[in-house]
file upload.txt (compact mmCIF, C-alpha atoms)
# COMPACT_ATOMS: atom_id res chain seq x y z
CA MET A 1 0.00 0.00 0.00
CA THR A 2 1.35 3.39 -0.98
CA ALA A 3 -1.19 5.61 0.82
CA PRO A 4 -3.46 5.22 3.87
CA LEU A 5 -7.06 4.40 3.01
CA ARG A 6 -10.18 5.60 4.77
CA ARG A 7 -13.35 3.56 5.14
CA PRO A 8 -15.29 4.02 1.89
CA ARG A 9 -18.88 5.19 1.69
CA ALA A 10 -19.20 3.35 -1.64
CA LEU A 11 -17.27 0.57 -3.34
CA LEU A 12 -17.03 0.77 -7.15
CA LEU A 13 -15.86 -2.31 -9.02
CA ASP A 14 -14.79 -3.05 -12.57
CA PHE A 15 -16.55 -6.00 -14.20
CA GLY A 16 -13.98 -7.97 -16.21
CA GLY A 17 -10.90 -8.78 -14.15
CA VAL A 18 -12.51 -7.78 -10.84
CA LEU A 19 -16.06 -9.09 -10.52
CA VAL A 20 -15.35 -11.87 -13.00
CA GLU A 21 -12.44 -13.55 -14.70
CA THR A 22 -12.85 -14.23 -18.39
CA SER A 23 -11.49 -16.61 -20.99
CA LYS A 24 -11.92 -16.34 -24.74
CA ARG A 25 -13.79 -19.05 -26.57
CA ASP A 26 -12.06 -20.57 -29.57
CA GLY A 27 -14.01 -20.16 -32.78
CA TRP A 28 -16.31 -17.39 -31.65
CA GLN A 29 -15.59 -15.40 -34.82
CA ALA A 30 -16.71 -18.26 -37.07
CA ALA A 31 -19.83 -18.86 -34.99
CA LEU A 32 -20.82 -15.20 -35.17
CA ALA A 33 -20.02 -15.06 -38.88
CA GLU A 34 -22.38 -17.98 -39.55
CA GLU A 35 -25.19 -16.19 -37.72
CA VAL A 36 -24.56 -12.91 -39.56
CA HIS A 37 -24.36 -14.76 -42.88
CA ALA A 38 -27.73 -16.42 -42.23
CA ALA A 39 -29.28 -13.04 -41.39
CA LEU A 40 -27.89 -11.48 -44.57
CA LEU A 41 -29.18 -14.34 -46.71
CA GLY A 42 -32.57 -14.00 -45.07
CA ALA A 43 -32.62 -10.35 -46.09
CA GLY A 44 -31.60 -11.16 -49.67
CA CYS A 45 -27.95 -10.06 -49.31
CA ARG A 46 -25.93 -12.73 -51.12
CA ASP A 47 -22.66 -10.97 -51.93
CA LEU A 48 -20.72 -12.18 -48.86
CA ASP A 49 -19.96 -15.71 -47.76
CA ALA A 50 -19.37 -16.76 -44.15
CA ALA A 51 -15.58 -16.88 -44.61
CA ALA A 52 -15.44 -13.26 -45.79
CA ILE A 53 -17.65 -12.17 -42.90
CA GLU A 54 -15.43 -14.01 -40.42
CA THR A 55 -12.34 -12.30 -41.84
CA ASP A 56 -13.96 -8.90 -41.35
CA ILE A 57 -15.16 -9.72 -37.85
CA ARG A 58 -11.58 -10.64 -36.95
CA ALA A 59 -10.33 -7.41 -38.51
CA GLY A 60 -12.96 -5.39 -36.67
CA ALA A 61 -12.06 -6.93 -33.32
CA ALA A 62 -8.35 -6.25 -33.90
CA ALA A 63 -9.03 -2.65 -34.92
CA ASP A 64 -11.24 -2.19 -31.86
CA LYS A 65 -8.43 -3.37 -29.58
CA CYS A 66 -6.06 -0.80 -31.09
CA TRP A 67 -8.74 1.88 -30.72
CA LYS A 68 -9.27 0.99 -27.05
CA ASP A 69 -5.55 1.33 -26.35
CA ALA A 70 -5.49 4.71 -28.05
CA MET A 71 -8.57 5.88 -26.16
CA SER A 72 -6.92 5.37 -22.79
CA ARG A 73 -4.75 8.45 -23.47
CA PRO A 74 -7.34 11.26 -23.86
CA PHE A 75 -8.74 12.78 -20.68
CA ALA A 76 -12.42 12.26 -21.54
CA PRO A 77 -12.88 9.65 -24.29
CA ALA A 78 -16.33 8.82 -25.67
CA GLU A 79 -17.39 5.20 -26.11
CA MET A 80 -17.56 3.33 -29.39
CA THR A 81 -21.17 3.07 -30.54
CA HIS A 82 -22.65 -0.24 -31.60
CA ALA A 83 -23.41 1.21 -35.04
CA ARG A 84 -19.88 2.48 -35.54
CA PHE A 85 -18.34 -0.83 -34.54
CA TRP A 86 -20.36 -2.76 -37.12
CA GLY A 87 -20.56 -0.06 -39.77
CA ASP A 88 -16.95 1.14 -39.70
CA PHE A 89 -14.86 -1.55 -38.03
CA VAL A 90 -16.47 -4.68 -39.49
CA ALA A 91 -18.56 -3.83 -42.55
CA ALA A 92 -16.77 -0.77 -43.96
CA ASP A 93 -16.26 -2.40 -47.38
CA TRP A 94 -19.45 -4.44 -47.58
CA PRO A 95 -22.14 -3.80 -50.17
CA VAL A 96 -24.45 -1.03 -48.99
CA PRO A 97 -27.49 -3.25 -48.23
CA ALA A 98 -25.40 -5.63 -46.12
CA ARG A 99 -23.74 -2.77 -44.26
CA GLN A 100 -27.07 -1.09 -43.60
CA LEU A 101 -28.52 -4.32 -42.25
CA VAL A 102 -25.80 -4.90 -39.65
CA VAL A 103 -25.84 -1.23 -38.64
CA ALA A 104 -29.61 -1.42 -38.11
CA HIS A 105 -29.11 -4.47 -35.87
CA ALA A 106 -25.84 -3.33 -34.28
CA ALA A 107 -26.97 -3.44 -30.64
CA PRO A 108 -28.19 -7.07 -30.67
CA LEU A 109 -25.17 -8.05 -32.76
CA CYS A 110 -22.82 -6.54 -30.17
CA LYS A 111 -24.68 -8.41 -27.46
CA ARG A 112 -24.46 -11.67 -29.39
CA MET A 113 -20.74 -11.12 -29.95
CA GLY A 114 -20.24 -10.67 -26.21
CA GLU A 115 -22.17 -13.85 -25.48
CA LEU A 116 -20.14 -15.90 -27.93
CA ARG A 117 -16.75 -14.35 -27.29
CA GLN A 118 -16.04 -15.17 -23.63
CA ASP A 119 -16.73 -17.47 -20.74
CA ARG A 120 -17.12 -15.72 -17.38
CA ARG A 121 -16.64 -16.90 -13.81
CA THR A 122 -17.11 -14.92 -10.62
CA ARG A 123 -13.73 -14.21 -9.05
CA PRO A 124 -12.95 -15.84 -5.69
CA GLY A 125 -14.13 -13.84 -2.70
CA ILE A 126 -16.44 -11.50 -4.60
CA PRO A 127 -19.77 -12.75 -3.16
CA GLU A 128 -18.30 -12.60 0.33
CA LEU A 129 -16.98 -9.10 -0.33
CA LEU A 130 -20.36 -7.84 -1.52
CA ASP A 131 -22.11 -9.36 1.49
CA ALA A 132 -19.60 -7.87 3.93
CA ALA A 133 -19.88 -4.43 2.33
CA ALA A 134 -23.66 -4.57 2.57
CA GLY A 135 -23.38 -5.59 6.21
CA SER A 136 -21.29 -2.49 6.84
CA GLY A 137 -23.70 -0.21 5.01
CA ILE A 138 -21.39 0.30 2.03
CA PRO A 139 -23.20 0.18 -1.34
CA CYS A 140 -21.39 -1.57 -4.19
CA ALA A 141 -21.62 -0.67 -7.87
CA ILE A 142 -20.14 -1.81 -11.15
CA VAL A 143 -18.30 0.80 -13.26
CA SER A 144 -17.04 -0.87 -16.40
CA ASN A 145 -16.18 -0.36 -20.04
CA ALA A 146 -18.31 -2.61 -22.23
CA LEU A 147 -19.24 -2.83 -25.87
CA SER A 148 -22.45 -4.45 -24.63
CA GLY A 149 -23.31 -3.84 -21.01
CA ALA A 150 -26.41 -5.97 -21.56
CA VAL A 151 -24.17 -9.07 -21.56
CA HIS A 152 -22.79 -8.12 -18.15
CA ARG A 153 -26.26 -7.38 -16.79
CA ASP A 154 -27.38 -10.84 -17.89
CA TYR A 155 -24.45 -12.33 -15.99
CA THR A 156 -25.08 -10.45 -12.75
CA ALA A 157 -28.79 -11.32 -12.96
CA SER A 158 -28.22 -15.03 -13.66
CA THR A 159 -25.67 -15.43 -10.86
CA GLY A 160 -27.58 -13.48 -8.22
CA LEU A 161 -24.90 -10.80 -8.03
CA ALA A 162 -27.29 -8.12 -9.30
CA GLY A 163 -29.20 -8.32 -6.02
CA LYS A 164 -26.01 -7.43 -4.16
CA LEU A 165 -25.30 -4.36 -6.31
CA ALA A 166 -26.78 -0.90 -5.89
CA LEU A 167 -25.94 0.18 -9.44
CA GLU A 168 -24.35 -0.97 -12.70
CA VAL A 169 -22.72 1.62 -14.99
CA TYR A 170 -21.54 0.47 -18.43
CA SER A 171 -19.77 2.61 -20.96
CA ASP A 172 -21.90 1.72 -23.99
CA GLU A 173 -24.96 2.90 -22.07
CA ALA A 174 -23.25 6.00 -20.68
CA GLY A 175 -21.64 7.07 -23.97
CA VAL A 176 -18.24 7.61 -22.32
CA ARG A 177 -15.49 5.18 -21.38
CA LYS A 178 -12.73 4.91 -18.80
CA PRO A 179 -10.35 6.59 -18.16
CA ASN A 180 -12.95 9.33 -18.60
CA PRO A 181 -13.63 10.28 -14.95
CA GLU A 182 -17.30 10.81 -15.79
CA MET A 183 -17.72 7.02 -15.60
CA ILE A 184 -16.94 7.12 -11.89
CA TRP A 185 -18.79 10.38 -11.32
CA ILE A 186 -21.98 8.89 -12.79
CA ALA A 187 -21.84 6.25 -10.07
CA THR A 188 -20.92 8.57 -7.20
CA ARG A 189 -23.69 11.02 -8.12
CA ALA A 190 -26.24 8.21 -8.27
CA LEU A 191 -25.10 6.87 -4.89
CA GLY A 192 -24.99 10.33 -3.30
CA VAL A 193 -21.33 10.21 -2.28
CA GLU A 194 -18.31 12.32 -3.11
CA PRO A 195 -15.62 10.63 -5.24
CA SER A 196 -13.17 11.17 -2.37
CA ASP A 197 -15.42 8.96 -0.21
CA ALA A 198 -15.44 6.07 -2.71
CA TRP A 199 -12.99 3.33 -3.61
CA TYR A 200 -12.56 2.29 -7.21
CA VAL A 201 -11.22 -1.21 -7.92
CA GLY A 202 -9.95 -2.09 -11.39
CA ASP A 203 -7.54 -4.55 -12.94
CA ASN A 204 -5.38 -2.40 -15.20
CA PHE A 205 -3.32 0.77 -15.12
CA ASP A 206 -4.18 2.69 -18.29
CA ARG A 207 -7.96 2.64 -17.87
CA ASP A 208 -8.75 1.85 -14.23
CA VAL A 209 -5.98 3.30 -12.07
CA LEU A 210 -5.83 6.33 -14.36
CA CYS A 211 -9.61 6.77 -14.21
CA GLY A 212 -9.61 6.59 -10.42
CA HIS A 213 -6.83 9.15 -10.29
CA ARG A 214 -8.64 11.53 -12.63
CA ALA A 215 -11.93 11.14 -10.76
CA GLY A 216 -10.31 11.84 -7.39
CA VAL A 217 -11.40 8.68 -5.63
CA GLY A 218 -10.45 8.19 -2.00
CA GLY A 219 -9.14 4.68 -2.62
CA ASN A 220 -7.62 3.64 -5.93
CA VAL A 221 -7.23 -0.15 -5.73
CA LEU A 222 -5.68 -2.47 -8.32
CA MET A 223 -6.83 -6.10 -8.37
CA VAL A 224 -4.31 -8.21 -10.24
CA ALA A 225 -5.71 -10.15 -13.20
CA LYS A 226 -4.15 -11.99 -16.14
CA GLY A 227 -3.83 -8.84 -18.28
CA THR A 228 -2.87 -6.36 -15.56
CA HIS A 229 0.72 -5.91 -16.65
CA ASP A 230 0.05 -5.96 -20.41
CA VAL A 231 0.10 -2.18 -20.58
CA PRO A 232 0.14 -0.36 -23.97
CA TYR A 233 2.37 2.36 -22.49
CA GLU A 234 3.67 3.59 -19.13
CA VAL A 235 1.16 5.19 -16.77
CA ARG A 236 2.72 7.44 -14.14
CA CYS A 237 0.01 7.28 -11.48
CA ARG A 238 0.02 4.30 -9.13
CA PRO A 239 -2.69 2.60 -7.08
CA ASP A 240 -3.13 3.17 -3.35
CA ALA A 241 -3.32 -0.58 -2.78
CA VAL A 242 -2.89 -3.83 -4.69
CA VAL A 243 -4.88 -7.02 -4.00
CA ASP A 244 -4.87 -10.46 -5.58
CA ASP A 245 -8.61 -11.24 -5.65
CA GLY A 246 -11.91 -10.66 -3.88
CA HIS A 247 -10.59 -12.21 -0.68
CA GLY A 248 -7.68 -9.75 -0.68
CA LEU A 249 -10.05 -6.85 -1.26
CA LEU A 250 -12.29 -8.06 1.57
CA ASP A 251 -9.27 -8.23 3.91
CA LEU A 252 -8.31 -4.69 2.90
CA LEU A 253 -11.84 -3.42 3.51
CA LYS A 254 -12.09 -5.15 6.89
CA ALA A 255 -8.71 -3.80 7.99
CA THR A 256 -9.75 -0.29 7.05
CA ILE A 257 -13.07 -0.55 8.87
CA GLU A 258 -11.49 -2.06 11.96
CA GLY A 259 -8.72 0.54 11.92
CA GLU A 260 -11.30 3.31 12.14
CA GLY A 261 -13.40 1.52 14.72

call {"tool": "encode", "arguments": {"input": "upload.txt", "output": "structure tokens"}}
result
Amino acid sequence: MTAPLRRPRALLLDFGGVLVETSKRDGWQAALAEEVHAALLGAGCRDLDAAAIETDIRAGAAADKCWKDAMSRPFAPAEMTHARFWGDFVAADWPVPARQLVVAHAAPLCKRMGELRQDRRTRPGIPELLDAAAGSGIPCAIVSNALSGAVHRDYTASTGLAGKLALEVYSDEAGVRKPNPEMIWIATRALGVEPSDAWYVGDNFDRDVLCGHRAGVGGNVLMVAKGTHDVPYEVRCRPDAVVDDGHGLLDLLKATIEGEG
């Protein structure tokens, strides 16, 4: 720990890497391409085969990754829209009718991509953390970048975690993305707390730690995940504390509460 922490009045958590750990599914691009191909055929668009669509889905995902890295440098980046992802990153060179079709259905296509792309598992200690925070009167909220927050909402609902959360803030719904501090401020305003009275817990430096720093949170906590140290460039600000998982975060929270008791 590099700075003393005060008991938080709200606990804000990233989704991927903090609430859940994720793993990519092999072949998701081909599966999505087959579904898109079927939809295009059903609409009378016959100029693209499934292989060409898969190639462009792969290209779109790669371009999106580069864009995300670039967007962690501006102070207040906006989020990628569903329509822009499909219209510009995937279907830029498609025939006009095919491009118009995927743009018109961009939101459900982004959701379907999220469903196919990853497996998700709740990280160890997270349910216990949420229960302990509730028992101490500390509301918990998700603050997360997402191309489709609807996928994350489905997960929290299906696992029962949604009932332990006071709020879920996702970038595609908010129109801005971390490290834009507005992501955190949306949550603190909704919860009626000052940013300086909240902790923010994320799993990477260039979006999460930087966002917490910009937002002025009282506790800027890094939870180590598989991609934590895969940084696109050096970030000068550092977290106030580092934990390994939900159990480590719970221990940190308990120690802070007991220290002020």

call {"tool": "closest_atom_pairs", "arguments": {"input": "upload.txt", "of": "range 95-145 of chain A", "to": "range 5-22 of chain A", "cutoff": "7 Å", "atoms": "all atoms listed in the file", "output": "Markdown table"}}
result
| residue | atom | partner | partner_atom | distance |
| --- | --- | --- | --- | --- |
| A:Gln118 | CA | A:Thr22 | CA | 6.2 |
| A:Asp119 | CA | A:Thr22 | CA | 5.6 |
| A:Arg120 | CA | A:Thr22 | CA | 4.6 |
| A:Arg121 | CA | A:Val20 | CA | 5.3 |
| A:Thr122 | CA | A:Val20 | CA | 4.3 |
| A:Arg123 | CA | A:Val20 | CA | 4.9 |
| A:Ile126 | CA | A:Leu19 | CA | 6.4 |
| A:Ile138 | CA | A:Ala10 | CA | 5.3 |
| A:Pro139 | CA | A:Ala10 | CA | 5.1 |
| A:Cys140 | CA | A:Leu11 | CA | 4.7 |
| A:Ala141 | CA | A:Leu12 | CA | 4.9 |
| A:Ile142 | CA | A:Leu13 | CA | 4.8 |
| A:Val143 | CA | A:Asp14 | CA | 5.3 |
| A:Ser144 | CA | A:Asp14 | CA | 4.9 |

call {"tool": "closest_atom_pairs", "arguments": {"input": "upload.txt", "of": "range 83-141 of chain A", "to": "range 150-165 of chain A", "cutoff": "8 Å", "atoms": "only C-alpha atoms", "output": "tab-separated table"}}
result
residue	atom	partner	partner_atom	distance
A:Lys111	CA	A:Val151	CA	6.0
A:Gly114	CA	A:Val151	CA	6.3
A:Glu115	CA	A:Val151	CA	6.5
A:Pro127	CA	A:Leu161	CA	7.3
A:Leu130	CA	A:Lys164	CA	6.2
A:Asp131	CA	A:Lys164	CA	7.1
A:Ala134	CA	A:Lys164	CA	7.7
A:Pro139	CA	A:Leu165	CA	7.1
A:Cys140	CA	A:Leu165	CA	5.3
A:Ala141	CA	A:Leu165	CA	5.4

call {"tool": "closest_residue", "arguments": {"input": "upload.txt", "among": "A:Asp26, A:Ser171, A:Phe89, A:Glu54", "to": "Cys66 in chain A", "atoms": "only C-alpha atoms"}}
result
A:Phe89

call {"tool": "residues_around", "arguments": {"input": "upload.txt", "residues": "Phe85 in chain A", "least_positions_apart": "3", "cutoff": "12 Å", "atoms": "all atoms listed in the file", "output": "PyMOL selection string"}}
result
chain A and resi 56-57+59-65+67-68+79-82+88-92+99+102-107+109-110+113+147-148+172

call {"tool": "closest_residue", "arguments": {"input": "upload.txt", "among": "A:Pro124, A:Ala50, A:Leu116, A:Arg73", "to": "Arg25 in chain A", "atoms": "only C-alpha atoms"}}
result
A:Leu116

call {"tool": "axis_aligned_box", "arguments": {"input": "upload.txt", "around": "range 223-234 of chain A", "padding_each_side": "8 Å", "output": "lines of an AutoDock Vina configuration file"}}
result
center_x = -1.6
center_y = -4.2
center_z = -16.2
size_x = 26.5
size_y = 31.6
size_z = 31.6

call {"tool": "closest_residue", "arguments": {"input": "upload.txt", "among": "A:Gly137, A:Gly192, A:Gly149, A:Gly44", "to": "Pro97 in chain A", "atoms": "all atoms listed in the file"}}
result
A:Gly44

call {"tool": "atom_distance", "arguments": {"input": "upload.txt", "atom1": "CA of Trp94 in chain A", "atom2": "CA of Ala31 in chain A"}}
result
19.1 Å

call {"tool": "closest_residue", "arguments": {"input": "upload.txt", "among": "A:Ser72, A:Ala132, A:Gly218, A:Ala78", "to": "Asn204 in chain A", "atoms": "all atoms listed in the file"}}
result
A:Ser72

call {"tool": "closest_residue", "arguments": {"input": "upload.txt", "among": "A:Lys178, A:Asn220, A:Glu258, A:Leu210", "to": "Ser196 in chain A", "atoms": "all atoms listed in the file"}}
result
A:Asn220

call {"tool": "closest_residue", "arguments": {"input": "upload.txt", "among": "A:Ala198, A:Val209, A:Val193, A:Ala52", "to": "Pro179 in chain A", "atoms": "all atoms listed in the file"}}
result
A:Val209

call {"tool": "decode", "arguments": {"input": "upload.txt", "residues": "range 245-260 of chain A", "atoms": "N, CA, C and O atoms", "output": "tab-separated table (two decimals), in the first residue's frame"}}
result
chain	number	residue	atom	x	y	z
A	245	ASP	N	-7.28	-10.76	-5.26
A	245	ASP	CA	-8.61	-11.24	-5.65
A	245	ASP	C	-9.64	-10.65	-4.70
A	245	ASP	O	-9.33	-9.74	-3.91
A	246	GLY	N	-10.86	-11.17	-4.75
A	246	GLY	CA	-11.91	-10.66	-3.88
A	246	GLY	C	-11.61	-10.87	-2.42
A	246	GLY	O	-11.99	-10.04	-1.57
A	247	HIS	N	-10.95	-11.96	-2.08
A	247	HIS	CA	-10.59	-12.21	-0.68
A	247	HIS	C	-9.60	-11.14	-0.20
A	247	HIS	O	-9.73	-10.63	0.93
A	248	GLY	N	-8.64	-10.79	-1.05
A	248	GLY	CA	-7.68	-9.75	-0.68
A	248	GLY	C	-8.35	-8.40	-0.51
A	248	GLY	O	-8.02	-7.63	0.40
A	249	LEU	N	-9.33	-8.12	-1.38
A	249	LEU	CA	-10.05	-6.85	-1.26
A	249	LEU	C	-10.90	-6.84	0.01
A	249	LEU	O	-10.99	-5.81	0.70
A	250	LEU	N	-11.51	-7.97	0.33
A	250	LEU	CA	-12.29	-8.06	1.57
A	250	LEU	C	-11.40	-7.84	2.79
A	250	LEU	O	-11.77	-7.12	3.72
A	251	ASP	N	-10.21	-8.43	2.79
A	251	ASP	CA	-9.27	-8.23	3.91
A	251	ASP	C	-8.90	-6.75	4.03
A	251	ASP	O	-8.81	-6.23	5.15
A	252	LEU	N	-8.66	-6.11	2.89
A	252	LEU	CA	-8.31	-4.69	2.90
A	252	LEU	C	-9.46	-3.85	3.45
A	252	LEU	O	-9.25	-2.94	4.27
A	253	LEU	N	-10.66	-4.16	3.03
A	253	LEU	CA	-11.84	-3.42	3.51
A	253	LEU	C	-12.03	-3.62	5.00
A	253	LEU	O	-12.25	-2.66	5.76
A	254	LYS	N	-11.92	-4.87	5.46
A	254	LYS	CA	-12.09	-5.15	6.89
A	254	LYS	C	-11.03	-4.43	7.72
A	254	LYS	O	-11.34	-3.88	8.77
A	255	ALA	N	-9.79	-4.46	7.24
A	255	ALA	CA	-8.71	-3.80	7.99
A	255	ALA	C	-8.95	-2.31	8.09
A	255	ALA	O	-8.69	-1.69	9.14
A	256	THR	N	-9.48	-1.72	7.04
A	256	THR	CA	-9.75	-0.29	7.05
A	256	THR	C	-10.89	0.04	8.01
A	256	THR	O	-10.82	1.01	8.77
A	257	ILE	N	-11.93	-0.78	7.97
A	257	ILE	CA	-13.07	-0.55	8.87
A	257	ILE	C	-12.66	-0.72	10.33
A	257	ILE	O	-12.99	0.09	11.19
A	258	GLU	N	-11.92	-1.80	10.58
A	258	GLU	CA	-11.49	-2.06	11.96
A	258	GLU	C	-10.53	-1.00	12.45
A	258	GLU	O	-10.53	-0.62	13.62
A	259	GLY	N	-9.69	-0.48	11.53
A	259	GLY	CA	-8.72	0.54	11.92
A	259	GLY	C	-9.37	1.85	12.31
A	259	GLY	O	-8.80	2.62	13.08
A	260	GLU	N	-10.60	2.08	11.80
A	260	GLU	CA	-11.30	3.31	12.14
A	260	GLU	C	-12.32	3.10	13.25
A	260	GLU	O	-13.03	4.02	13.64
